[in-house]
$ cat entry05.txt   # compact mmCIF, N, CA and C atoms
# COMPACT_ATOMS: atom_id res chain seq x y z
N MET I 1 -2.43 -17.09 -2.24
CA MET I 1 -1.18 -16.40 -1.98
C MET I 1 -1.30 -15.70 -0.62
N ALA I 2 -0.41 -16.01 0.29
CA ALA I 2 -0.38 -15.35 1.60
C ALA I 2 0.25 -13.97 1.46
N ALA I 3 -0.30 -13.02 2.17
CA ALA I 3 0.21 -11.64 2.10
C ALA I 3 1.60 -11.55 2.73
N ARG I 4 2.50 -10.88 2.02
CA ARG I 4 3.82 -10.57 2.60
C ARG I 4 3.65 -9.41 3.56
N VAL I 5 4.35 -9.44 4.66
CA VAL I 5 4.31 -8.36 5.63
C VAL I 5 5.47 -7.42 5.35
N ILE I 6 5.14 -6.17 5.01
CA ILE I 6 6.14 -5.13 4.79
C ILE I 6 5.72 -3.93 5.62
N ASN I 7 6.51 -3.59 6.62
CA ASN I 7 6.21 -2.45 7.48
C ASN I 7 6.79 -1.17 6.87
N LEU I 8 6.08 -0.06 7.03
CA LEU I 8 6.45 1.21 6.42
C LEU I 8 6.63 2.28 7.49
N VAL I 9 7.45 3.28 7.17
CA VAL I 9 7.60 4.47 8.02
C VAL I 9 7.28 5.68 7.15
N VAL I 10 6.32 6.48 7.60
CA VAL I 10 5.88 7.68 6.89
C VAL I 10 6.21 8.88 7.76
N ASP I 11 6.95 9.83 7.23
CA ASP I 11 7.26 11.07 7.94
C ASP I 11 6.19 12.10 7.63
N GLN I 12 5.66 12.76 8.66
CA GLN I 12 4.67 13.81 8.46
C GLN I 12 5.27 14.97 7.66
N GLY I 13 4.46 15.56 6.79
CA GLY I 13 4.83 16.78 6.10
C GLY I 13 5.75 16.62 4.90
N VAL I 14 6.08 15.39 4.54
CA VAL I 14 6.92 15.16 3.36
C VAL I 14 6.25 14.11 2.47
N ASP I 15 6.69 14.06 1.22
CA ASP I 15 6.17 13.07 0.28
C ASP I 15 6.63 11.67 0.70
N PHE I 16 5.79 10.68 0.41
CA PHE I 16 6.11 9.29 0.73
C PHE I 16 5.78 8.43 -0.48
N GLU I 17 6.64 7.46 -0.74
CA GLU I 17 6.32 6.44 -1.74
C GLU I 17 7.08 5.16 -1.43
N ALA I 18 6.46 4.04 -1.79
CA ALA I 18 7.07 2.72 -1.65
C ALA I 18 6.64 1.90 -2.86
N THR I 19 7.60 1.24 -3.49
CA THR I 19 7.31 0.40 -4.65
C THR I 19 7.49 -1.06 -4.27
N PHE I 20 6.48 -1.86 -4.58
CA PHE I 20 6.50 -3.29 -4.30
C PHE I 20 6.58 -4.07 -5.61
N THR I 21 7.27 -5.19 -5.59
CA THR I 21 7.26 -6.11 -6.72
C THR I 21 6.39 -7.29 -6.31
N ILE I 22 5.28 -7.46 -7.00
CA ILE I 22 4.33 -8.53 -6.70
C ILE I 22 4.77 -9.78 -7.45
N GLN I 23 4.78 -10.91 -6.75
CA GLN I 23 5.28 -12.14 -7.34
C GLN I 23 4.20 -13.22 -7.41
N ASN I 24 4.38 -14.12 -8.40
CA ASN I 24 3.56 -15.32 -8.51
C ASN I 24 4.00 -16.32 -7.44
N GLN I 25 3.29 -17.44 -7.35
CA GLN I 25 3.65 -18.51 -6.41
C GLN I 25 5.07 -19.02 -6.63
N ASN I 26 5.54 -18.99 -7.90
CA ASN I 26 6.89 -19.50 -8.21
C ASN I 26 7.97 -18.42 -8.08
N ALA I 27 7.65 -17.30 -7.46
CA ALA I 27 8.56 -16.18 -7.19
C ALA I 27 8.93 -15.36 -8.42
N SER I 28 8.28 -15.60 -9.55
CA SER I 28 8.49 -14.73 -10.72
C SER I 28 7.56 -13.53 -10.60
N ALA I 29 7.89 -12.45 -11.29
CA ALA I 29 7.07 -11.23 -11.23
C ALA I 29 5.70 -11.49 -11.85
N LEU I 30 4.66 -11.02 -11.18
CA LEU I 30 3.30 -11.14 -11.69
C LEU I 30 3.05 -10.03 -12.70
N ASN I 31 2.61 -10.37 -13.90
CA ASN I 31 2.28 -9.38 -14.92
C ASN I 31 0.99 -8.69 -14.47
N LEU I 32 1.07 -7.39 -14.17
CA LEU I 32 -0.07 -6.65 -13.64
C LEU I 32 -0.88 -5.91 -14.71
N THR I 33 -0.68 -6.28 -15.96
CA THR I 33 -1.45 -5.66 -17.05
C THR I 33 -2.94 -5.93 -16.82
N GLY I 34 -3.72 -4.87 -16.81
CA GLY I 34 -5.16 -4.98 -16.61
C GLY I 34 -5.62 -5.02 -15.17
N TYR I 35 -4.68 -5.06 -14.23
CA TYR I 35 -5.02 -5.09 -12.81
C TYR I 35 -5.35 -3.68 -12.31
N THR I 36 -6.17 -3.62 -11.28
CA THR I 36 -6.39 -2.39 -10.52
C THR I 36 -5.97 -2.68 -9.08
N ALA I 37 -5.79 -1.63 -8.31
CA ALA I 37 -5.35 -1.83 -6.93
C ALA I 37 -5.95 -0.76 -6.03
N GLU I 38 -6.03 -1.09 -4.76
CA GLU I 38 -6.42 -0.12 -3.75
C GLU I 38 -5.64 -0.45 -2.48
N ALA I 39 -5.26 0.60 -1.77
CA ALA I 39 -4.54 0.44 -0.51
C ALA I 39 -5.02 1.51 0.45
N LYS I 40 -5.27 1.09 1.68
CA LYS I 40 -5.75 2.01 2.71
C LYS I 40 -4.97 1.80 3.99
N MET I 41 -4.86 2.87 4.75
CA MET I 41 -4.20 2.84 6.05
C MET I 41 -5.24 3.25 7.09
N ARG I 42 -5.32 2.47 8.18
CA ARG I 42 -6.27 2.74 9.27
C ARG I 42 -5.55 2.60 10.61
N LYS I 43 -6.12 3.21 11.64
CA LYS I 43 -5.56 3.11 12.98
C LYS I 43 -5.58 1.65 13.46
N HIS I 44 -6.64 0.94 13.15
CA HIS I 44 -6.76 -0.49 13.43
C HIS I 44 -7.71 -1.07 12.38
N PRO I 45 -7.72 -2.39 12.18
CA PRO I 45 -8.52 -2.97 11.09
C PRO I 45 -10.00 -2.59 11.09
N GLY I 46 -10.61 -2.38 12.25
CA GLY I 46 -12.03 -2.05 12.31
C GLY I 46 -12.35 -0.56 12.28
N ALA I 47 -11.33 0.28 12.18
CA ALA I 47 -11.55 1.74 12.20
C ALA I 47 -12.32 2.18 10.95
N THR I 48 -13.25 3.10 11.13
CA THR I 48 -14.01 3.60 9.98
C THR I 48 -13.24 4.67 9.21
N LYS I 49 -12.41 5.44 9.91
CA LYS I 49 -11.61 6.47 9.25
C LYS I 49 -10.38 5.80 8.61
N TYR I 50 -10.10 6.18 7.37
CA TYR I 50 -8.94 5.63 6.69
C TYR I 50 -8.28 6.67 5.81
N TYR I 51 -7.05 6.38 5.41
CA TYR I 51 -6.28 7.24 4.53
C TYR I 51 -5.95 6.42 3.28
N PRO I 52 -6.52 6.79 2.13
CA PRO I 52 -6.23 6.02 0.91
C PRO I 52 -4.88 6.41 0.30
N PHE I 53 -4.08 5.41 -0.03
CA PHE I 53 -2.84 5.65 -0.75
C PHE I 53 -3.17 5.97 -2.21
N VAL I 54 -2.31 6.74 -2.85
CA VAL I 54 -2.37 6.92 -4.30
C VAL I 54 -1.62 5.72 -4.89
N ILE I 55 -2.21 5.07 -5.88
CA ILE I 55 -1.64 3.87 -6.48
C ILE I 55 -1.20 4.15 -7.91
N SER I 56 -0.03 3.63 -8.26
CA SER I 56 0.42 3.67 -9.65
C SER I 56 1.18 2.38 -9.95
N PHE I 57 1.43 2.15 -11.22
CA PHE I 57 2.12 0.94 -11.67
C PHE I 57 3.33 1.36 -12.51
N PRO I 58 4.51 1.52 -11.90
CA PRO I 58 5.70 1.96 -12.64
C PRO I 58 6.08 1.01 -13.78
N ASN I 59 5.91 -0.30 -13.56
CA ASN I 59 6.24 -1.30 -14.58
C ASN I 59 5.33 -2.50 -14.37
N ARG I 60 4.22 -2.53 -15.09
CA ARG I 60 3.23 -3.61 -14.91
C ARG I 60 3.81 -4.98 -15.27
N LEU I 61 4.61 -5.05 -16.34
CA LEU I 61 5.17 -6.34 -16.76
C LEU I 61 6.11 -6.92 -15.71
N ALA I 62 6.79 -6.05 -14.96
CA ALA I 62 7.73 -6.50 -13.93
C ALA I 62 7.05 -6.62 -12.56
N GLY I 63 5.71 -6.49 -12.52
CA GLY I 63 4.97 -6.66 -11.28
C GLY I 63 5.09 -5.52 -10.29
N GLN I 64 5.45 -4.33 -10.75
CA GLN I 64 5.66 -3.21 -9.84
C GLN I 64 4.39 -2.41 -9.58
N CYS I 65 4.12 -2.21 -8.30
CA CYS I 65 2.99 -1.40 -7.85
C CYS I 65 3.52 -0.42 -6.80
N LYS I 66 3.19 0.86 -6.97
CA LYS I 66 3.69 1.89 -6.06
C LYS I 66 2.54 2.51 -5.28
N VAL I 67 2.75 2.69 -3.96
CA VAL I 67 1.81 3.41 -3.11
C VAL I 67 2.48 4.70 -2.67
N SER I 68 1.69 5.77 -2.58
CA SER I 68 2.30 7.05 -2.20
C SER I 68 1.30 7.96 -1.52
N PHE I 69 1.85 8.96 -0.83
CA PHE I 69 1.11 10.07 -0.24
C PHE I 69 1.85 11.34 -0.60
N ALA I 70 1.13 12.39 -0.95
CA ALA I 70 1.73 13.71 -1.13
C ALA I 70 2.00 14.32 0.25
N SER I 71 2.87 15.31 0.30
CA SER I 71 3.20 15.94 1.58
C SER I 71 1.96 16.55 2.24
N THR I 72 1.01 17.03 1.46
CA THR I 72 -0.22 17.59 2.03
C THR I 72 -1.02 16.51 2.75
N ALA I 73 -0.99 15.29 2.23
CA ALA I 73 -1.70 14.18 2.87
C ALA I 73 -1.00 13.74 4.15
N THR I 74 0.34 13.62 4.12
CA THR I 74 1.04 13.17 5.33
C THR I 74 0.95 14.21 6.45
N SER I 75 0.82 15.48 6.08
CA SER I 75 0.67 16.54 7.09
C SER I 75 -0.63 16.39 7.88
N ALA I 76 -1.64 15.79 7.23
CA ALA I 76 -2.96 15.65 7.86
C ALA I 76 -3.11 14.38 8.69
N ILE I 77 -2.10 13.53 8.71
CA ILE I 77 -2.18 12.26 9.44
C ILE I 77 -1.52 12.43 10.81
N GLU I 78 -2.25 12.07 11.84
CA GLU I 78 -1.71 12.15 13.21
C GLU I 78 -0.61 11.10 13.38
N GLY I 79 0.45 11.47 14.08
CA GLY I 79 1.53 10.54 14.35
C GLY I 79 1.05 9.32 15.12
N GLY I 80 1.70 8.18 14.91
CA GLY I 80 1.35 6.97 15.63
C GLY I 80 1.45 5.74 14.75
N ARG I 81 0.91 4.64 15.24
CA ARG I 81 0.96 3.36 14.53
C ARG I 81 -0.38 3.10 13.83
N TYR I 82 -0.28 2.53 12.64
CA TYR I 82 -1.43 2.22 11.80
C TYR I 82 -1.21 0.84 11.17
N VAL I 83 -2.24 0.33 10.50
CA VAL I 83 -2.14 -0.88 9.69
C VAL I 83 -2.54 -0.52 8.27
N TYR I 84 -2.05 -1.29 7.30
CA TYR I 84 -2.43 -1.06 5.90
C TYR I 84 -2.45 -2.39 5.17
N ASP I 85 -3.09 -2.38 4.00
CA ASP I 85 -2.97 -3.50 3.08
C ASP I 85 -3.15 -3.00 1.66
N LEU I 86 -2.71 -3.83 0.73
CA LEU I 86 -2.82 -3.56 -0.70
C LEU I 86 -3.65 -4.69 -1.29
N VAL I 87 -4.74 -4.34 -1.97
CA VAL I 87 -5.62 -5.32 -2.59
C VAL I 87 -5.57 -5.13 -4.10
N LEU I 88 -5.26 -6.21 -4.80
CA LEU I 88 -5.23 -6.20 -6.27
C LEU I 88 -6.48 -6.87 -6.80
N THR I 89 -7.00 -6.33 -7.89
CA THR I 89 -8.13 -6.95 -8.59
C THR I 89 -7.67 -7.28 -10.00
N SER I 90 -7.75 -8.56 -10.36
CA SER I 90 -7.29 -9.02 -11.68
C SER I 90 -8.31 -8.62 -12.75
N PRO I 91 -7.94 -8.74 -14.03
CA PRO I 91 -8.89 -8.41 -15.10
C PRO I 91 -10.18 -9.23 -15.04
N ASN I 92 -10.15 -10.42 -14.43
CA ASN I 92 -11.37 -11.23 -14.31
C ASN I 92 -12.03 -11.07 -12.95
N ALA I 93 -11.71 -9.97 -12.23
CA ALA I 93 -12.33 -9.56 -10.96
C ALA I 93 -11.94 -10.42 -9.76
N TYR I 94 -10.85 -11.17 -9.84
CA TYR I 94 -10.35 -11.96 -8.71
C TYR I 94 -9.52 -11.04 -7.82
N LYS I 95 -9.85 -10.99 -6.52
CA LYS I 95 -9.15 -10.10 -5.59
C LYS I 95 -8.14 -10.88 -4.75
N THR I 96 -6.96 -10.28 -4.58
CA THR I 96 -5.93 -10.85 -3.72
C THR I 96 -5.33 -9.73 -2.88
N LYS I 97 -4.73 -10.14 -1.75
CA LYS I 97 -4.05 -9.18 -0.88
C LYS I 97 -2.58 -9.62 -0.78
N PRO I 98 -1.72 -9.11 -1.67
CA PRO I 98 -0.32 -9.56 -1.66
C PRO I 98 0.56 -8.91 -0.60
N ILE I 99 0.17 -7.72 -0.11
CA ILE I 99 1.01 -6.96 0.83
C ILE I 99 0.15 -6.44 1.97
N GLN I 100 0.70 -6.50 3.18
CA GLN I 100 0.06 -5.89 4.35
C GLN I 100 1.14 -5.57 5.36
N GLY I 101 0.80 -4.78 6.35
CA GLY I 101 1.78 -4.48 7.38
C GLY I 101 1.36 -3.35 8.28
N ASN I 102 2.32 -2.88 9.05
CA ASN I 102 2.13 -1.75 9.95
C ASN I 102 2.77 -0.51 9.34
N VAL I 103 2.25 0.64 9.74
CA VAL I 103 2.82 1.92 9.32
C VAL I 103 3.09 2.73 10.58
N LEU I 104 4.29 3.25 10.68
CA LEU I 104 4.63 4.19 11.75
C LEU I 104 4.66 5.56 11.13
N VAL I 105 3.77 6.45 11.59
CA VAL I 105 3.76 7.83 11.13
C VAL I 105 4.54 8.65 12.15
N VAL I 106 5.67 9.23 11.70
CA VAL I 106 6.58 9.97 12.58
C VAL I 106 6.24 11.45 12.50
N PRO I 107 5.90 12.07 13.64
CA PRO I 107 5.57 13.49 13.63
C PRO I 107 6.74 14.34 13.11
N GLY I 108 6.39 15.39 12.37
CA GLY I 108 7.40 16.29 11.84
C GLY I 108 7.78 17.37 12.83
N VAL I 109 8.94 17.94 12.63
CA VAL I 109 9.43 19.02 13.48
C VAL I 109 9.47 20.33 12.70
N SER I 110 9.83 20.26 11.43
CA SER I 110 9.99 21.48 10.61
C SER I 110 8.68 21.87 9.94
$ encode --input "entry05.txt" --output "structure tokens"
Amino acid sequence: MAARVINLVVDQGVDFEATFTIQNQNASALNLTGYTAEAKMRKHPGATKYYPFVISFPNRLAGQCKVSFASTATSAIEGGRYVYDLVLTSPNAYKTKPIQGNVLVVPGVS
């Protein structure tokens, strides 16, 4: 499965969340029961410093996976462009990367 590119915009100092629907090859929702996930944001792919997203599954049967940051986390991220990806691990330990993209962190004013 090739990763879909979904670009995100994160505003500093406020809560952020994005929900993705993960699909099978035939475009039906992937049942995420038993899956785990991890998502990280970095300045560039080789950067050692990263910001881990909080992951949740609003509806596993419908293939929904949500990534989020609390306002305290977005306040600590310097404005600019970043890259991210979401890696899923199936119950039998098979890893896939269904989502990736760029993140624009917009500096806050208030």
$ atom_distance --input "entry05.txt" --atom1 "CA of Phe20 in chain I" --atom2 "atom N of Phe69 in chain I"
13.6 Å
$ residues_around --input "entry05.txt" --residues "Ser56 in chain I" --least-positions-apart "4" --cutoff "6.5 Å" --atoms "all atoms listed in the file" --output "PDB file with N, CA and C atoms, in the coordinates of the input"
ATOM      1  N   GLN I  64       5.450  -4.330 -10.750  1.00  0.00           N
ATOM      2  CA  GLN I  64       5.660  -3.210  -9.840  1.00  0.00           C
ATOM      3  C   GLN I  64       4.390  -2.410  -9.580  1.00  0.00           C
ATOM      4  N   CYS I  65       4.120  -2.210  -8.300  1.00  0.00           N
ATOM      5  CA  CYS I  65       2.990  -1.400  -7.850  1.00  0.00           C
ATOM      6  C   CYS I  65       3.520  -0.420  -6.800  1.00  0.00           C
ATOM      7  N   LYS I  66       3.190   0.860  -6.970  1.00  0.00           N
ATOM      8  CA  LYS I  66       3.690   1.890  -6.060  1.00  0.00           C
ATOM      9  C   LYS I  66       2.540   2.510  -5.280  1.00  0.00           C
ATOM     10  N   VAL I  67       2.750   2.690  -3.960  1.00  0.00           N
ATOM     11  CA  VAL I  67       1.810   3.410  -3.110  1.00  0.00           C
ATOM     12  C   VAL I  67       2.480   4.700  -2.670  1.00  0.00           C
ATOM     13  N   SER I  68       1.690   5.770  -2.580  1.00  0.00           N
ATOM     14  CA  SER I  68       2.300   7.050  -2.200  1.00  0.00           C
ATOM     15  C   SER I  68       1.300   7.960  -1.520  1.00  0.00           C
TER      16      SER I  68
END
$ atom_distance --input "entry05.txt" --atom1 "CA of Ser28 in chain I" --atom2 "CA of Pro52 in chain I"
28.0 Å
$ closest_residue --input "entry05.txt" --among "I:Ala62, I:Leu8, I:Ala2, I:Val54" --to "Lys40 in chain I" --atoms "only C-alpha atoms"
I:Val54
$ residues_around --input "entry05.txt" --residues "Tyr50 in chain I" --least-positions-apart "4" --cutoff "7 Å" --atoms "all atoms listed in the file" --output "VMD selection string"
chain I and resid 40 to 43
$ select_by_dssp --input "entry05.txt" --residues "chain I" --states "helix (DSSP H, G or I)" --output "list in words"
Ser71, Thr72, Ala73, Thr74 and Ser75 of chain I
$ select_by_dssp --input "entry05.txt" --residues "range 17-100 of chain I" --states "strand (DSSP E or B)" --output "PyMOL selection string"
chain I and resi 17-21+23+29+36-42+50-52+54-56+64-69+80-89+95-100
$ closest_residue --input "entry05.txt" --among "I:Asn7, I:Gln12, I:Thr36, I:Gln23" --to "Leu88 in chain I" --atoms "all atoms listed in the file"
I:Thr36
$ closest_residue --input "entry05.txt" --among "I:Ile22, I:Val106, I:Leu30, I:Ile6" --to "Arg60 in chain I" --atoms "only N, CA and C atoms"
I:Leu30
$ residues_around --input "entry05.txt" --residues "Thr74 in chain I" --least-positions-apart "4" --cutoff "8 Å" --atoms "all atoms listed in the file" --output "JSON, numbers by chain"
{"I": [10, 11, 12, 13, 14, 15, 16, 69, 70, 78]}
$ closest_residue --input "entry05.txt" --among "I:Val9, I:Thr48, I:Asn59, I:Thr19" --to "Leu32 in chain I" --atoms "all atoms listed in the file"
I:Asn59
$ closest_atom_pairs --input "entry05.txt" --of "range 5-51 of chain I" --to "range 91-96 of chain I" --cutoff "9 Å" --atoms "only C-alpha atoms" --output "Markdown table"
| residue | atom | partner | partner_atom | distance |
| --- | --- | --- | --- | --- |
| I:Thr33 | CA | I:Pro91 | CA | 8.2 |
| I:Gly34 | CA | I:Pro91 | CA | 5.3 |
| I:Tyr35 | CA | I:Pro91 | CA | 5.6 |
| I:Thr36 | CA | I:Pro91 | CA | 8.0 |
$ residues_around --input "entry05.txt" --residues "Pro45 in chain I" --least-positions-apart "5" --cutoff "8 Å" --atoms "only N, CA and C atoms" --output "PyMOL selection string"
chain I and resi 82-84
$ closest_residue --input "entry05.txt" --among "I:Ala47, I:Arg4, I:Asn26, I:Glu17" --to "Ser71 in chain I" --atoms "only C-alpha atoms"
I:Glu17
$ atom_distance --input "entry05.txt" --atom1 "CA of Leu104 in chain I" --atom2 "CA of Arg81 in chain I"
4.7 Å
$ closest_residue --input "entry05.txt" --among "I:Leu61, I:Lys49, I:Ala37, I:Ala73" --to "Ser90 in chain I" --atoms "all atoms listed in the file"
I:Ala37
$ decode --input "entry05.txt" --residues "range 35-46 of chain I" --atoms "all heavy atoms" --output "compact mmCIF listing (two decimals), in the first residue's frame"
# COMPACT_ATOMS: atom_id res chain seq x y z
N TYR I 35 -4.77 -3.24 16.05
CA TYR I 35 -3.64 -2.49 15.51
C TYR I 35 -3.11 -1.51 16.55
O TYR I 35 -3.84 -1.02 17.40
CB TYR I 35 -4.06 -1.68 14.28
CG TYR I 35 -4.09 -2.46 12.99
CD1 TYR I 35 -5.08 -3.41 12.75
CD2 TYR I 35 -3.15 -2.23 12.00
CE1 TYR I 35 -5.13 -4.10 11.56
CE2 TYR I 35 -3.19 -2.91 10.79
CZ TYR I 35 -4.18 -3.85 10.58
OH TYR I 35 -4.22 -4.53 9.40
N THR I 36 -1.83 -1.19 16.43
CA THR I 36 -1.22 -0.08 17.17
C THR I 36 -0.68 0.90 16.13
O THR I 36 -0.55 0.55 14.95
CB THR I 36 -0.08 -0.55 18.09
OG1 THR I 36 0.93 -1.17 17.30
CG2 THR I 36 -0.60 -1.51 19.16
N ALA I 37 -0.38 2.10 16.58
CA ALA I 37 0.10 3.11 15.64
C ALA I 37 1.10 4.02 16.32
O ALA I 37 1.10 4.17 17.55
CB ALA I 37 -1.07 3.92 15.10
N GLU I 38 1.94 4.63 15.50
CA GLU I 38 2.84 5.67 15.98
C GLU I 38 2.98 6.69 14.86
O GLU I 38 2.95 6.35 13.68
CB GLU I 38 4.17 5.06 16.43
CG GLU I 38 5.33 5.30 15.58
CD GLU I 38 6.63 4.71 16.14
OE1 GLU I 38 7.20 5.28 17.10
OE2 GLU I 38 7.08 3.71 15.59
N ALA I 39 3.08 7.95 15.26
CA ALA I 39 3.27 9.04 14.30
C ALA I 39 4.22 10.05 14.92
O ALA I 39 4.09 10.40 16.09
CB ALA I 39 1.93 9.69 13.96
N LYS I 40 5.17 10.51 14.11
CA LYS I 40 6.15 11.48 14.57
C LYS I 40 6.30 12.58 13.53
O LYS I 40 6.14 12.35 12.33
CB LYS I 40 7.52 10.81 14.77
CG LYS I 40 7.54 9.78 15.87
CD LYS I 40 8.89 9.13 15.96
CE LYS I 40 8.88 8.04 17.03
NZ LYS I 40 10.12 7.26 17.02
N MET I 41 6.65 13.75 14.03
CA MET I 41 6.90 14.91 13.18
C MET I 41 8.35 15.33 13.41
O MET I 41 8.81 15.40 14.55
CB MET I 41 5.94 16.04 13.60
CG MET I 41 6.06 17.27 12.78
SD MET I 41 4.81 18.49 13.26
CE MET I 41 5.59 19.23 14.68
N ARG I 42 9.09 15.56 12.31
CA ARG I 42 10.50 15.97 12.38
C ARG I 42 10.73 17.12 11.41
O ARG I 42 10.00 17.27 10.45
CB ARG I 42 11.42 14.82 11.98
CG ARG I 42 11.32 13.58 12.82
CD ARG I 42 12.21 12.48 12.23
NE ARG I 42 11.96 11.20 12.86
CZ ARG I 42 12.71 10.68 13.84
NH1 ARG I 42 13.76 11.34 14.27
NH2 ARG I 42 12.41 9.52 14.37
N LYS I 43 11.80 17.87 11.65
CA LYS I 43 12.16 18.98 10.75
C LYS I 43 12.49 18.44 9.36
O LYS I 43 12.15 19.05 8.35
CB LYS I 43 13.33 19.76 11.34
CG LYS I 43 13.50 21.12 10.75
CD LYS I 43 12.33 22.02 11.12
CE LYS I 43 12.58 23.43 10.63
NZ LYS I 43 11.37 24.21 10.52
N HIS I 44 13.16 17.31 9.30
CA HIS I 44 13.45 16.61 8.04
C HIS I 44 13.59 15.13 8.38
O HIS I 44 13.78 14.78 9.56
CB HIS I 44 14.70 17.17 7.34
CG HIS I 44 15.93 17.15 8.18
ND1 HIS I 44 16.73 16.04 8.31
CD2 HIS I 44 16.50 18.11 8.95
CE1 HIS I 44 17.73 16.31 9.12
NE2 HIS I 44 17.61 17.57 9.53
N PRO I 45 13.50 14.23 7.40
CA PRO I 45 13.49 12.79 7.70
C PRO I 45 14.66 12.29 8.54
O PRO I 45 14.51 11.38 9.34
CB PRO I 45 13.49 12.13 6.32
CG PRO I 45 12.82 13.13 5.44
CD PRO I 45 13.27 14.47 5.96
N GLY I 46 15.85 12.89 8.41
CA GLY I 46 17.01 12.43 9.16
C GLY I 46 17.22 13.11 10.50
O GLY I 46 18.18 12.80 11.22
